[in-house]
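Note sheet for the following structure.
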Amino acid sequence: MANARFAWGIDIGNRALKAIRLVRDGNNQLKIDDFEVIEHEQILSQAGDNRESLIQTALANFTQRQNIKGGAVAIGVSGQSSFARFIKLPPVEPKKIPEIVRFEAIQQIPFPLDEVEWAYQLFQNDQSPDVEVGIFAMRKDLVNQNIRYFTDVGMNVRAVQTNPLAVYNALYHDQRIKGATMIIDLGAENTDLIIAEGESIWMRSISIGGNNFTEALVKQFKLKFNKAEELKRNAATSKYGRQILQAMRTVFADLVAEIQRSIGFYASTHRDSRITRVLALGGTFKLPGLQKYLQQNLQLDVARVDRLGTEMPADARFLSTFNDNVLSAVSAYGLALQALGEAKISSSLLPEHIRRERMWGEKTKWFAAAAALFVVGTGMYAGRVWYDNYSYEAKAPVRHSLDTVYRQASGLDSAWKAVESSGADDRKQIAILTGAVNDRNVVPHIVEDIGTAFPPMPSIDALKKIPRGQRKIIELEGWKMSYFPDLSPQIAMPETQFTGLAEKFDVDSEKKSGFGTDNTNQPGGPQGKKKLIKHTGTNVNRMKVNNNQNGDSPAGPAQRGYIVTIRCRTSNSVPADLVNETVVKALKARTQDSPNPPQNYSFIRVVRAEVRTINAQDRPASAVRNRYRNPMANGFGQLGGINGGGIQPGMRGSSSPFAPPTAVIGGPQHTEDNEPKADPWEDPLVPGESMEKDSIITLVAAVVLDPKPVAKDNGGQVASNQ
């Protein structure tokens with residue numbers, strides 16, 4: 001790709017096609033030579049069956065305006081329709097890395113490898129022995145569909161890259177990433193969050209975009225979508241600017257909450273990292289006040305990307321258009337850099353057969369010279385053939401001896417295969433019992449889903465202004481997980497039996513070692529005699545195996561998974577409705593069919609097992625006070641035995657920019673001997689208020705690994721929550 005005279009980076013967005021052309025000048029420096037933006041006649045997300053024709057029309061118009069012959073093309077695909085995972089590799093020899101990466105790809109990618117196009121990129125700091133690998137994948141049918149749009153108009157596609165990675169390549173090349181930097185790319189349908197630090201990156205895509213702001217105006221002012229979109233674009237100059245921004249304020253708040261949730265999770269997994277600045281891009285950031293709103297609520301410096309490259313376009317014809325659209329052109333710039341071989345991340349989802357065709361096409365010019373040499377060597381070859389035939393016949397006895405040895409080896413190989421095939425049932429049982437360990441990386445993601453299902457908590461001052469019975473706050477008190485080699489019988493249970501699977505939370509017996517399952521023996525948990533007060537437990541080493549040891553189910557093939565018991569508390573006067581509309585709804589959405597699917601698991605059934613008023617046994621005074629002394633403020637925090645336990649003192653509630661999206665989890669080490677006496681009914685979140693009328697809610701969820709279709713008899717895939 002580096003041999004191309006020039007390159008186009010093309011990003012087909014929801015509202016327009018954006019393209020940037022890069023060329024090399026006489027000093028081998030890159031320069032933005034041209035820029036093109038072609039708006040669609042209709043927003044793609046609203047086009048329905050016309051979406052494909054709108055894309056084809058935009059590309060046809062582009063090829064009519066621009067000369068693409070002789071140039072390379074890199075195209076971008078949505079980060080939400082692709083898969084990305086970052087993993088630290090164990091210390092291995094460099095030559096074994098491809099084999100280890102392929103093994104991890106099989107474990108991580110939620111589709112068979114022959115159904116996806118996948119690639120990987122190594123990240124390594126010269127000053128550190130650690131090697132991190134990024135694995136990227138997309139379904140083959142989606143990749144081929146995107147490429148076909150471009151090849152149908154004669155474009156030479158040389159790279160297919162996800163838009164978040166293209167944005168990272170652009171800002172890394174321009175040296176805009178300094179320290180721990182968060183990049184917020186606010187698109188039309190979703191927002192890509194990228195946190196870059198040193199030689200590593202972390203990404204997440206959230207389903208809030210510019211269309212959500214437009215939908216808020218549609219709902220508030222009873223407008224059609226196109227009219228609301230125009231009103232949003234002109235908000236900065238409209239005399240109704242204040243009313244427009246007020247109508248979108250709810251979306252502003254939701255966006256900040258999701259960003260804070262992501263920052264909290266990143267801080268919990270990168271304990272030594274602190275985000276220092278935010279780079280904002282995407283056309284939606286033209287909204288007046290959005291940049292300032294994020295800066296005030298995140299308490300971080302938020303800067304919009306206002307330039308690209310070291311040299312701006314010199315042609316005044318499109319310089320004004322380029323400046324107006326620079327916020328939404330960053331991805332196209334990063335794609336053009338990769339097409340010229342100048343990108344930090346060079347992995348590509350371009351299918352292998354297209355790469356081979358490109359390679360052979362570039363070598364065609366050498367075939368003529370090879371043919372000439374062939375003619376010259378033909379005479380020499382004829383003499384060589386005669387000599388080789390003579391030598392072959394002279395060595396017939398040697399060939400006979402080799403055939404004998406080969407037959408003996410074949411017989412031994414067949415005998416070994418017979419031995420190897422024995423013991424299949426035992427190996428199957430071993431595979432079942434070790435299934436939970438093999439899926440150790442899934443548990444933190446399940447725990448993350450539980451944490452993010454709870455509604456965000458406002459500041460204490462804001463909370464006190466709301467009557468206690470009307471607060472839409474739910475506190476996560478703990479959870480327990482049990483592994484089953486086959487969940488099929490549990491999934492098929494009637495709801496009354498399924499709720500009986502809920503595990504009990506005995507606070508009196510567990511308050512000394514922490515609320516939840518004791519994870520002292522779990523990898524990454526407390527070491528030696530050290531005890532941590534924690535509010536969650538997940539002990540994969542203590543698997544509960546059902547009586548069906550063969551892993552077979554009367555209803556069909558076995559489906560591995562977990563039964564998860566979740567306990568929470570709320571002061572709301574209608575606790576059941578609140579839990580249904582928030583936690584239960586959020587967990588039911590975490591399936592493989594959701595817009596932002598989890599990795600290889602699904603919350604296939606969520607049932608409310610118990611709703612009752614809190615009692616004295618639920619609230620021992622010392623356990624309550626221990627729990628909220630110096631709580632962590634980094635999202636779901638260090639989750640007990642899962643991520644190693646421990647605390648980060650000095651932060652609490654929403655006073656920190658990294659305020660938790662749910663109730664605080666985690667706490668320091670305390671004993672009852674040094675605990676001050678206090679009212680056991682006093683709410684630790686809101687001092688001075690009593691919890692005597694609060695409600696305790698218990699939920700039971702079935703989480704299936706390697707999801708398969710499940711019959712809907714006796715409750716179905718997702719049971720009702722009555």
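By convention in this document, the chains of the structure tokens carry letters A, B, ... by their order, each chain's residues are numbered from 1, and ligands are numbered from 1 in the order they are shown.
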Show me, as a ChimeraX atom specification, the residues that have an atom within 7 Å of stretch 198-206 of chain A when counting only C-alpha atoms, minus same-chain residues fewer than 3 positions from it. /A:79-80,123-125,179,190-195
Could you write out the selected residues, including C-alpha atoms, as an mmCIF file, in the first residue's frame?
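Wrote again30.cif, looks like this:
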```
data_model
loop_
_atom_site.group_PDB
_atom_site.id
_atom_site.type_symbol
_atom_site.label_atom_id
_atom_site.label_comp_id
_atom_site.auth_asym_id
_atom_site.auth_seq_id
_atom_site.Cartn_x
_atom_site.Cartn_y
_atom_site.Cartn_z
ATOM 1 C CA GLY A 79 -17.395 0.010 15.268
ATOM 2 C CA GLN A 80 -20.756 -1.180 16.592
ATOM 3 C CA PHE A 123 0.966 -3.505 21.196
ATOM 4 C CA GLN A 124 4.268 -3.476 23.073
ATOM 5 C CA ASN A 125 6.266 -0.814 24.869
ATOM 6 C CA GLY A 179 -0.814 10.835 28.480
ATOM 7 C CA ASN A 190 -23.758 5.631 18.394
ATOM 8 C CA THR A 191 -20.753 7.093 20.194
ATOM 9 C CA ASP A 192 -17.319 5.470 20.105
ATOM 10 C CA LEU A 193 -15.203 5.905 23.248
ATOM 11 C CA ILE A 194 -11.470 5.318 22.864
ATOM 12 C CA ILE A 195 -8.988 5.612 25.745
#
```
Neighbour list for stretch 46-60 of chain A as JSON, numbers by chain, cut-off 9 Å, only C-alpha atoms, skip fewer than 3 positions in-chain: {"A": [12, 16, 17, 38, 39, 40, 41, 42, 43, 63, 64, 65, 149, 150, 152, 153, 225]}
Okay, now the selection with C-alpha atoms, as a compact mmCIF listing (two decimals), in the first residue's frame?
```txt
# COMPACT_ATOMS: atom_id res chain seq x y z
CA ILE A 12 -19.86 6.52 4.60
CA ALA A 16 -23.06 11.94 4.24
CA LEU A 17 -20.07 10.39 2.50
CA ILE A 38 -21.64 14.22 -0.41
CA GLU A 39 -24.81 14.37 1.68
CA HIS A 40 -27.43 11.67 1.26
CA GLU A 41 -30.90 12.66 0.09
CA GLN A 42 -32.24 10.95 3.19
CA ILE A 43 -30.64 9.96 6.51
CA THR A 63 -16.44 8.69 -8.85
CA GLN A 64 -17.88 11.18 -11.35
CA ARG A 65 -16.33 14.13 -9.49
CA TYR A 149 -20.34 -0.97 -2.88
CA PHE A 150 -16.84 0.25 -3.78
CA ASP A 152 -18.90 -2.03 -8.22
CA VAL A 153 -17.72 1.50 -9.14
CA PHE A 225 -37.50 13.85 11.83
```
Which one of A:Val686, A:Ala336, A:Ala558, A:Ala196 sits closest to A:Ile10 if you count only C-alpha atoms? A:Ala336
Write out as a count of residues only which residues come within 8 Å of A:Ser346 when counting only C-alpha atoms, dropping same-chain ones fewer than 4 positions away. 3
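Going from atom CA of A:Val251 over to atom CA of A:Glu229, you cover 14.8 Å.
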As a PyMOL selection string, list the residues of stretch 169-394 of chain A assigned to helix (DSSP H, G or I) by DSSP on the backbone atoms of this structure. chain A and resi 169-173+210-221+225-233+241-247+249-269+283-286+290-298+316-328+330-339+352-362+364-394
Proximity to A:Tyr266 - best of A:Asp126, A:Glu197, A:Glu132, A:Asp174, only C-alpha atoms: A:Glu197
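Near A:Lys69, within 10 Å and counting only C-alpha atoms, sit Phe6, Thr63, Gly154, Met155 and Asn156 of chain A, not including residues fewer than 4 positions from it in the same chain.
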Go ahead and write the selection's residues with C-alpha atoms as a PDB file, in the first residue's frame.
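Result saved to result25.pdb:
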```pdb
ATOM      1  CA  PHE A   6      -2.030   8.871  -3.602  1.00  0.00           C
ATOM      2  CA  THR A  63     -16.438   8.694  -8.847  1.00  0.00           C
ATOM      3  CA  GLY A 154     -14.147   0.383  -9.912  1.00  0.00           C
ATOM      4  CA  MET A 155     -12.353   1.358  -6.685  1.00  0.00           C
ATOM      5  CA  ASN A 156      -9.143  -0.377  -5.625  1.00  0.00           C
TER       6      ASN A 156
END
```
Env of A:Lys31: 7 Å cut, atoms = only C-alpha atoms, seq-sep filter 4 positions within chain, self excluded. Answer as a ChimeraX atom specification. /A:22-25,311
Go ahead and write the residues just picked, C-alpha atoms, as a tab-separated table (two decimals), in the first residue's frame.
```
chain	number	residue	atom	x	y	z
A	22	LEU	CA	-3.58	12.28	0.81
A	23	VAL	CA	-0.51	12.68	-1.41
A	24	ARG	CA	3.25	12.73	-0.80
A	25	ASP	CA	5.07	15.94	-1.71
A	311	GLU	CA	-0.54	21.29	6.36
```
Env of A:Val579: 9 Å cut, atoms = only C-alpha atoms, seq-sep filter 3 positions within chain, self excluded. Answer as a PyMOL selection string. chain A and resi 454+474+570+574-576+582-585+608+697
Can you spit out the residues from that selection as a PDB file, in the first residue's frame, using N, CA and C atoms?
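Result file out_33.pdb:
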```pdb
ATOM      1  N   PHE A 454     -27.865  -1.119  36.970  1.00  0.00           N
ATOM      2  CA  PHE A 454     -28.494  -0.308  38.000  1.00  0.00           C
ATOM      3  C   PHE A 454     -28.498   1.166  37.606  1.00  0.00           C
ATOM      4  N   ILE A 474     -31.565   2.282  43.251  1.00  0.00           N
ATOM      5  CA  ILE A 474     -31.496   0.883  43.686  1.00  0.00           C
ATOM      6  C   ILE A 474     -30.051   0.586  44.063  1.00  0.00           C
ATOM      7  N   THR A 570     -33.967  -0.846  47.907  1.00  0.00           N
ATOM      8  CA  THR A 570     -34.463   0.444  47.425  1.00  0.00           C
ATOM      9  C   THR A 570     -35.447   1.018  48.429  1.00  0.00           C
ATOM     10  N   VAL A 574     -42.709   1.778  45.154  1.00  0.00           N
ATOM     11  CA  VAL A 574     -43.137   0.695  44.256  1.00  0.00           C
ATOM     12  C   VAL A 574     -41.886  -0.046  43.786  1.00  0.00           C
ATOM     13  N   PRO A 575     -41.253  -0.804  44.668  1.00  0.00           N
ATOM     14  CA  PRO A 575     -39.944  -1.406  44.345  1.00  0.00           C
ATOM     15  C   PRO A 575     -40.012  -2.374  43.177  1.00  0.00           C
ATOM     16  N   ALA A 576     -41.084  -3.152  43.086  1.00  0.00           N
ATOM     17  CA  ALA A 576     -41.145  -4.145  42.018  1.00  0.00           C
ATOM     18  C   ALA A 576     -41.159  -3.487  40.642  1.00  0.00           C
ATOM     19  N   THR A 582     -35.808  -1.067  35.306  1.00  0.00           N
ATOM     20  CA  THR A 582     -34.374  -0.721  35.236  1.00  0.00           C
ATOM     21  C   THR A 582     -33.511  -1.970  35.159  1.00  0.00           C
ATOM     22  N   VAL A 583     -33.332  -2.640  36.289  1.00  0.00           N
ATOM     23  CA  VAL A 583     -32.378  -3.754  36.356  1.00  0.00           C
ATOM     24  C   VAL A 583     -32.811  -4.922  35.476  1.00  0.00           C
ATOM     25  N   VAL A 584     -34.073  -5.364  35.658  1.00  0.00           N
ATOM     26  CA  VAL A 584     -34.535  -6.534  34.891  1.00  0.00           C
ATOM     27  C   VAL A 584     -34.511  -6.245  33.394  1.00  0.00           C
ATOM     28  N   LYS A 585     -35.006  -5.070  33.020  1.00  0.00           N
ATOM     29  CA  LYS A 585     -35.029  -4.697  31.598  1.00  0.00           C
ATOM     30  C   LYS A 585     -33.623  -4.648  31.011  1.00  0.00           C
ATOM     31  N   ARG A 608     -37.836 -12.174  39.060  1.00  0.00           N
ATOM     32  CA  ARG A 608     -37.840 -11.589  40.395  1.00  0.00           C
ATOM     33  C   ARG A 608     -38.321 -12.636  41.383  1.00  0.00           C
ATOM     34  N   ILE A 697     -35.010  -6.767  47.472  1.00  0.00           N
ATOM     35  CA  ILE A 697     -35.448  -7.472  46.257  1.00  0.00           C
ATOM     36  C   ILE A 697     -34.385  -8.496  45.883  1.00  0.00           C
TER      37      ILE A 697
END
```
Name the closest residue to A:Phe62 among the candidates A:Leu89, A:His353, A:Glu36, A:Asp413; distances are taken between atoms, counting only C-alpha atoms. A:Glu36
Exercise: A:Phe322 partners within 8 Å, only C-alpha atoms, chain neighbours under 4 positions left out, as a list in words: Phe35, Phe318 and Val326 of chain A
